[in-house]
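Dropping input-v8.cif in here (mmCIF, C-alpha atoms):
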```
data_query
#
loop_
_atom_site.label_atom_id
_atom_site.label_comp_id
_atom_site.auth_asym_id
_atom_site.auth_seq_id
_atom_site.Cartn_x
_atom_site.Cartn_y
_atom_site.Cartn_z
CA ASN A 16 0.00 0.00 0.00
CA ASN A 17 1.84 3.04 -1.26
CA SER A 18 1.12 6.19 0.63
CA GLY A 19 1.81 8.28 -2.45
CA GLY A 20 3.59 11.52 -3.00
CA GLY A 21 2.72 14.67 -4.84
CA GLY A 22 1.12 15.06 -8.20
CA GLY A 23 1.86 16.81 -11.42
CA GLY A 24 4.36 14.46 -13.06
CA GLY A 25 4.26 13.23 -16.62
CA ASN A 26 4.06 9.61 -15.46
CA ASP A 27 0.80 10.09 -13.55
CA VAL A 28 -1.96 7.61 -14.39
CA GLU A 29 -5.59 8.51 -13.69
CA LEU A 30 -7.37 5.73 -11.77
CA LEU A 31 -10.71 7.37 -10.93
CA CYS A 32 -12.44 10.74 -11.48
CA LYS A 33 -15.45 12.22 -9.72
CA THR A 34 -17.15 15.62 -9.93
CA LEU A 35 -19.36 17.31 -7.32
CA GLN A 36 -21.30 20.58 -7.48
CA VAL A 37 -22.07 22.31 -4.19
CA GLU A 38 -23.90 25.61 -4.65
CA HIS A 39 -21.79 27.74 -7.02
CA LYS A 40 -18.66 25.57 -6.75
CA LEU A 41 -17.40 22.54 -8.65
CA PHE A 42 -15.12 20.01 -6.96
CA TYR A 43 -13.00 17.57 -8.98
CA PHE A 44 -11.68 14.40 -7.34
CA ASP A 45 -8.86 12.66 -9.25
CA LEU A 46 -7.32 9.48 -7.84
CA LYS A 47 -3.95 9.13 -9.55
CA GLU A 48 -0.84 7.00 -9.46
CA ASN A 49 2.79 7.68 -10.27
CA PRO A 50 6.08 5.88 -9.51
CA ARG A 51 6.02 7.29 -5.96
CA GLY A 52 2.55 5.93 -5.20
CA ARG A 53 -1.11 6.89 -5.29
CA TYR A 54 -2.67 10.20 -4.28
CA LEU A 55 -5.99 12.04 -4.42
CA LYS A 56 -6.05 15.45 -6.06
CA ILE A 57 -9.07 17.55 -4.96
CA SER A 58 -9.66 20.76 -6.87
CA GLU A 59 -12.19 23.50 -6.15
CA LYS A 60 -13.26 25.59 -9.13
CA THR A 61 -15.38 28.71 -9.22
CA SER A 62 -15.90 31.11 -12.10
CA ALA A 63 -12.86 33.09 -10.97
CA THR A 64 -10.50 30.75 -9.10
CA ARG A 65 -9.16 27.22 -8.89
CA SER A 66 -7.47 25.73 -5.84
CA THR A 67 -6.06 22.22 -5.30
CA ILE A 68 -4.96 20.05 -2.39
CA ILE A 69 -3.05 16.76 -2.74
CA VAL A 70 -3.93 13.97 -0.29
CA PRO A 71 -1.59 10.94 -0.03
CA SER A 72 -3.51 7.68 -0.41
CA ASN A 73 -2.88 6.77 3.24
CA GLY A 74 -4.80 9.93 4.20
CA ILE A 75 -8.04 9.26 2.30
CA SER A 76 -9.57 7.20 5.11
CA TRP A 77 -8.55 9.93 7.60
CA PHE A 78 -10.31 12.54 5.43
CA LEU A 79 -13.38 10.31 5.35
CA ASP A 80 -13.36 10.01 9.16
CA LEU A 81 -13.02 13.77 9.58
CA PHE A 82 -15.85 14.54 7.15
CA ASN A 83 -18.01 12.04 9.06
CA TYR A 84 -17.14 13.96 12.22
CA TYR A 85 -18.19 17.31 10.69
CA VAL A 86 -21.38 15.90 9.13
CA ASN A 87 -22.51 14.11 12.30
CA SER A 88 -21.55 16.64 15.01
CA GLU A 89 -23.86 19.24 16.46
CA ASP A 90 -22.87 22.83 15.72
CA GLN A 91 -21.76 23.61 19.27
CA ASP A 92 -19.62 20.44 19.46
CA ILE A 93 -17.51 21.12 16.36
CA PHE A 94 -13.81 21.84 16.78
CA SER A 95 -11.01 22.62 14.38
CA LYS A 96 -8.75 19.67 13.59
CA GLU A 97 -5.20 19.13 12.37
CA LEU A 98 -4.24 16.03 10.40
CA GLN A 99 -0.54 15.13 10.09
CA LEU A 100 0.27 12.92 7.09
CA ASP A 101 3.95 12.25 6.46
CA ALA A 102 5.49 15.67 5.74
CA LYS A 103 2.12 17.41 5.29
CA VAL A 104 -0.34 18.96 7.72
CA PHE A 105 -4.00 19.50 6.81
CA TYR A 106 -6.07 22.03 8.79
CA PHE A 107 -9.86 21.70 9.08
CA ASP A 108 -11.73 24.82 10.23
CA VAL A 109 -15.46 25.61 10.23
CA GLY A 110 -16.52 29.18 9.50
CA GLU A 111 -19.59 31.17 8.48
CA ASN A 112 -20.27 34.00 6.07
CA ARG A 113 -23.37 35.56 4.42
CA ARG A 114 -23.84 32.44 2.29
CA GLY A 115 -23.83 30.14 5.32
CA ARG A 116 -21.46 27.71 7.02
CA PHE A 117 -18.40 26.28 5.32
CA LEU A 118 -15.50 23.92 6.02
CA LYS A 119 -12.07 25.24 5.10
CA VAL A 120 -9.43 22.54 4.42
CA SER A 121 -5.85 23.79 4.05
CA GLU A 122 -2.74 21.83 3.09
CA ALA A 123 0.68 22.93 4.32
CA SER A 124 3.96 21.29 3.39
CA MET A 125 7.59 22.18 2.81
CA SER A 126 7.42 21.37 -0.91
CA ARG A 127 4.54 23.60 -2.02
CA ASN A 128 2.73 26.77 -1.00
CA ARG A 129 -0.20 26.49 1.36
CA SER A 130 -3.36 25.64 -0.55
CA THR A 131 -6.99 25.84 0.61
CA ILE A 132 -10.35 24.56 -0.56
CA ILE A 133 -13.65 25.73 0.96
CA ILE A 134 -16.66 23.40 1.03
CA PRO A 135 -20.09 25.00 1.69
CA ALA A 136 -22.22 23.11 4.21
CA GLY A 137 -25.24 23.34 1.94
CA SER A 138 -28.69 24.72 2.62
CA THR A 139 -30.15 21.83 4.64
CA ARG A 140 -28.52 19.40 7.07
CA ASP A 141 -25.01 19.90 5.71
CA GLU A 142 -25.85 18.19 2.41
CA GLY A 143 -22.76 19.74 0.81
CA TRP A 144 -20.43 18.18 3.38
CA ALA A 145 -22.38 14.91 3.24
CA ALA A 146 -22.08 14.72 -0.56
CA PHE A 147 -18.35 15.44 -0.30
CA ARG A 148 -18.08 12.69 2.36
CA ASN A 149 -19.95 10.22 0.14
CA ILE A 150 -17.51 10.72 -2.73
CA LEU A 151 -14.57 10.22 -0.35
CA ALA A 152 -16.22 6.94 0.76
CA GLU A 153 -16.53 5.78 -2.87
CA ILE A 154 -12.89 6.64 -3.57
CA ASN A 155 -11.72 4.95 -0.36
CA GLU A 156 -13.53 1.75 -1.35
CA ALA A 157 -12.17 1.91 -4.91
CA LEU A 158 -8.66 2.35 -3.52
CA ARG A 159 -9.10 -0.72 -1.31
CA LEU A 160 -10.07 -2.76 -4.39
CA PHE A 161 -7.08 -1.40 -6.34
CA VAL A 162 -4.77 -2.43 -3.50
CA MET A 163 -6.25 -5.94 -3.34
CA SER A 164 -5.99 -6.33 -7.11
CA ASN A 165 -2.40 -5.07 -7.18
CA GLN A 166 -1.38 -7.46 -4.40
CA GLN A 167 -2.70 -10.40 -6.38
CA ASN A 168 -1.14 -9.20 -9.66
CA SER A 169 2.25 -8.42 -8.11
CA GLU A 170 2.45 -11.82 -6.45
CA ALA A 171 1.67 -13.50 -9.78
CA SER A 172 4.37 -11.49 -11.58
CA GLU A 173 6.93 -12.14 -8.84
CA ARG A 174 6.38 -15.87 -9.15
CA LEU A 175 7.06 -15.55 -12.88
CA VAL A 176 10.49 -14.04 -12.26
CA GLY A 177 11.55 -16.72 -9.80
CA LEU A 178 10.50 -15.33 -6.44
CA SER A 179 8.26 -18.28 -5.63
CA ASP A 180 10.69 -19.63 -3.05
CA ASP A 181 10.23 -16.49 -0.92
CA VAL A 182 6.77 -15.36 -1.88
CA GLY A 183 4.66 -18.48 -2.13
CA ALA A 184 1.55 -18.80 -4.21
CA GLY A 185 -2.05 -17.76 -4.02
CA PHE A 186 -2.77 -14.67 -1.94
CA ILE A 187 -5.99 -14.50 0.06
CA ALA A 188 -6.57 -10.78 0.32
CA GLY A 189 -7.79 -9.42 3.67
CA HIS A 190 -11.20 -7.74 3.90
CA SER A 191 -10.36 -5.22 6.62
CA THR A 192 -10.73 -1.55 5.72
CA GLN A 193 -8.89 -0.36 8.84
CA SER A 194 -6.14 2.13 8.13
CA THR A 195 -3.04 0.58 9.65
CA PRO A 196 0.68 1.04 9.02
CA ALA A 197 1.14 -2.70 8.33
CA THR A 198 -1.22 -5.12 6.66
CA GLU A 199 -1.14 -8.83 7.38
CA ILE A 200 -2.23 -11.24 4.67
CA THR A 201 -2.55 -15.02 4.77
CA VAL A 202 -0.67 -16.97 2.12
CA ASP A 203 -1.51 -20.41 0.80
CA ARG A 204 1.76 -22.24 0.39
CA SER A 205 1.38 -24.22 -2.81
CA ALA A 206 4.54 -23.46 -4.78
CA ASP A 207 6.88 -26.36 -5.49
CA LEU A 208 10.01 -25.78 -3.43
CA PRO A 209 13.37 -27.59 -3.41
CA ALA A 210 13.18 -30.82 -1.44
CA GLN A 211 16.15 -29.92 0.75
CA ASP A 212 14.38 -26.79 2.00
CA GLU A 213 10.77 -27.83 2.59
CA ILE A 214 8.11 -25.39 3.77
CA SER A 215 6.15 -27.31 6.36
CA GLY A 216 2.44 -26.85 5.75
CA ASN A 217 1.56 -28.67 8.96
CA LEU A 218 3.43 -26.10 11.05
CA GLY A 219 1.06 -23.28 10.08
CA THR A 220 0.35 -20.89 7.23
CA SER A 221 2.90 -18.48 5.86
CA LYS A 222 2.39 -14.81 6.66
CA VAL A 223 3.30 -11.50 5.08
CA ILE A 224 3.18 -7.99 6.51
CA ARG A 225 3.47 -4.75 4.57
CA VAL A 226 5.33 -1.84 6.15
CA ASP A 227 5.60 1.31 4.01
CA GLN A 228 7.12 0.18 0.70
CA LYS A 229 8.43 -3.16 2.01
CA ARG A 230 6.99 -6.60 2.53
CA PHE A 231 8.22 -9.15 5.05
CA PHE A 232 7.42 -12.82 4.50
CA PHE A 233 7.45 -15.37 7.34
CA ASP A 234 7.72 -19.05 6.35
CA LEU A 235 8.11 -22.06 8.63
CA GLY A 236 10.22 -24.74 6.98
CA SER A 237 12.60 -27.61 7.53
CA ASN A 238 15.75 -29.05 5.99
CA ASN A 239 18.26 -31.73 6.95
CA ARG A 240 19.47 -29.53 9.83
CA GLY A 241 16.02 -29.16 11.42
CA HIS A 242 13.11 -26.72 11.51
CA PHE A 243 13.47 -22.99 10.88
CA LEU A 244 11.63 -19.72 10.33
CA ARG A 245 12.66 -17.88 7.18
CA ILE A 246 12.04 -14.10 7.23
CA SER A 247 12.34 -12.47 3.81
CA GLU A 248 12.38 -8.74 3.09
CA VAL A 249 11.13 -7.70 -0.37
CA ALA A 250 11.36 -4.10 -1.57
CA GLY A 251 10.71 -3.71 -5.29
CA PRO A 252 13.09 -6.07 -7.14
CA ASP A 253 15.37 -6.49 -4.12
CA ARG A 254 15.01 -9.24 -1.56
CA SER A 255 17.03 -10.72 1.26
CA SER A 256 16.35 -13.43 3.84
CA ILE A 257 17.45 -14.61 7.24
CA ILE A 258 17.03 -18.17 8.50
CA LEU A 259 16.19 -18.48 12.19
CA PRO A 260 16.39 -21.95 13.78
CA LEU A 261 13.24 -22.64 15.80
CA SER A 262 15.44 -23.14 18.86
CA GLY A 263 16.19 -19.40 18.75
CA LEU A 264 12.62 -18.23 18.16
CA LYS A 265 11.90 -17.47 21.83
CA GLN A 266 15.05 -15.33 22.17
CA PHE A 267 14.18 -13.52 18.94
CA TYR A 268 10.66 -12.85 20.22
CA GLU A 269 12.01 -11.52 23.55
CA MET A 270 14.46 -9.23 21.73
CA VAL A 271 11.70 -7.78 19.50
CA ALA A 272 9.50 -7.33 22.60
CA HIS A 273 12.39 -5.49 24.30
CA PHE A 274 12.69 -2.99 21.44
CA MET A 275 8.91 -2.58 21.28
CA GLU A 276 8.91 -1.72 24.97
CA ILE A 277 11.70 0.87 24.80
CA SER A 278 10.22 2.52 21.70
CA LYS A 279 6.50 2.20 22.50
CA ASP A 280 6.06 5.96 22.91
CA ARG A 281 7.23 6.49 19.34
CA ILE A 282 5.11 3.60 18.03
CA GLU A 283 1.99 4.89 19.80
CA GLY A 284 2.74 8.38 18.51
CA MET A 285 2.93 7.12 14.94
CA ALA A 286 -0.41 5.33 15.29
CA SER A 287 -2.47 7.86 17.20
CA ALA A 288 -1.04 11.37 16.74
CA ASN A 289 -2.32 11.84 13.19
CA VAL A 290 -5.35 13.92 14.20
CA ARG A 291 -5.49 16.43 16.97
CA THR A 292 -8.17 18.86 18.11
CA VAL A 293 -7.24 22.51 18.09
CA ASP A 294 -8.34 24.45 21.18
CA PRO A 295 -10.73 27.28 20.35
CA PRO A 296 -9.31 30.79 20.93
CA GLN A 297 -9.91 32.34 24.35
CA ARG A 298 -12.70 34.87 24.32
#
```

Show me, as structure tokens, the structure contained in the file I just sent.
Amino acid sequence: NNSGGGGGGGNDVELLCKTLQVEHKLFYFDLKENPRGRYLKISEKTSATRSTIIVPSNGISWFLDLFNYYVNSEDQDIFSKELQLDAKVFYFDVGENRRGRFLKVSEASMSRNRSTIIIPAGSTRDEGWAAFRNILAEINEALRLFVMSNQQNSEASERLVGLSDDVGAGFIAGHSTQSTPATEITVDRSADLPAQDEISGNLGTSKVIRVDQKRFFFDLGSNNRGHFLRISEVAGPDRSSIILPLSGLKQFYEMVAHFMEISKDRIEGMASANVRTVDPPQR
């Protein structure tokens, strides 16, 4: 699952386009892909101006959650929010003018000037925000299907170029839509492997986790020296493996647990500090 970078390159491929009209404004939603990953380009167009924000693909579900928050909250309970995504920060602020309420979404990053789109709430029950939310939900679901399809296609192509000994065959794609830094997928082990290095189906299924741009494959196996756990790291065309005898698995587990413990503040920060509520100004 690529988190995606910016847009605007010549190699960008359009995956999905949506258009929404709210009052006098048109909003264009373009889900795109380039060598750095996928991203959602949201443009606001009026008769006089055009403004665009770029949302990395790992932020689309966060945007959906935040729009749900603004659609479903009572007026007096609404707060401004900040969303941190990689090197970008998105600011969500509700305001009001003679036309009515609006939600201002601003993108700030080191690589481009601050950009803002303004979504009118609509005349009744925030229908403008709700329609915007509904399109985000459609794009989020489409992205999930793209990811599942790409996983299956990439595994098939990797087997063709001789990666079957590390990758295995036949992915069963997960059905979870949770936004998590790592995705675990169950693998059916059906590839023919060398007899001296057997993967032991009766010891349990193989597993793979995805972390950023890398995948880590865990395979229980055996050879003439005994049972082992093979851990393979695959990043693009590159791969490397370590072989861990089962006798050392408990020590390995304790060592990983040790580093989880001493770095848990950072891990929790990565998982939960994406969105924060901004205190309203003192009156």

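The residues returned by the PyMOL selection byres ((chain A and resi 28) around 6) for this structure are Asp27, Glu29, Lys47 and Glu48 of chain A.
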
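Interatomic distance, atom CA of A:Arg51 against atom CA of A:Asp280: 28.9 Å.
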
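Nearest to A:Ile257 of all the residues A:Arg245, A:Arg53, A:Arg127, A:Arg230 is A:Arg245, based on only C-alpha atoms.
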
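Under the PyMOL selection byres ((chain A and resi 231) around 6), the matching residues in the shown file are Val223, Ile224, Arg230, Phe232, Ser247 and Glu248 of chain A.
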
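Using all atoms listed in the file for every distance, the candidate list A:Ser88, A:Phe82, A:Phe107, A:Glu97 yields A:Phe82 as the residue closest to A:Ala152.
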
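Evaluated against the shown file, the PyMOL selection byres ((chain A and resi 58) around 6) gives Phe42, Tyr43, Ile57, Glu59, Ser66 and Thr67 of chain A.
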
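For A:Gly143, the non-local neighbours within 12 Å, defined as residues at least 3 positions apart in the same chain or in other chains and counting only C-alpha atoms, are Leu35, Gln36, Val37, Glu38, His39, Lys40, Leu41, Phe42, Phe82, Tyr85, Val86, Gly115, Arg116, Phe117, Leu118, Ile133, Ile134, Pro135, Ala136, Gly137, Ser138, Thr139, Arg140, Ala146, Phe147, Arg148, Asn149 and Ile150 of chain A.
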
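Minimum atom-to-atom distance to A:Asp253, evaluated using all atoms listed in the file, belongs to A:Lys229 out of A:Arg114, A:Lys229, A:Lys265, A:Lys56.
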
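Using all atoms listed in the file, the smallest distance between any of A:Leu259, A:Leu160, A:Ala102, A:Val249 and A:Asp234 comes from A:Leu259.
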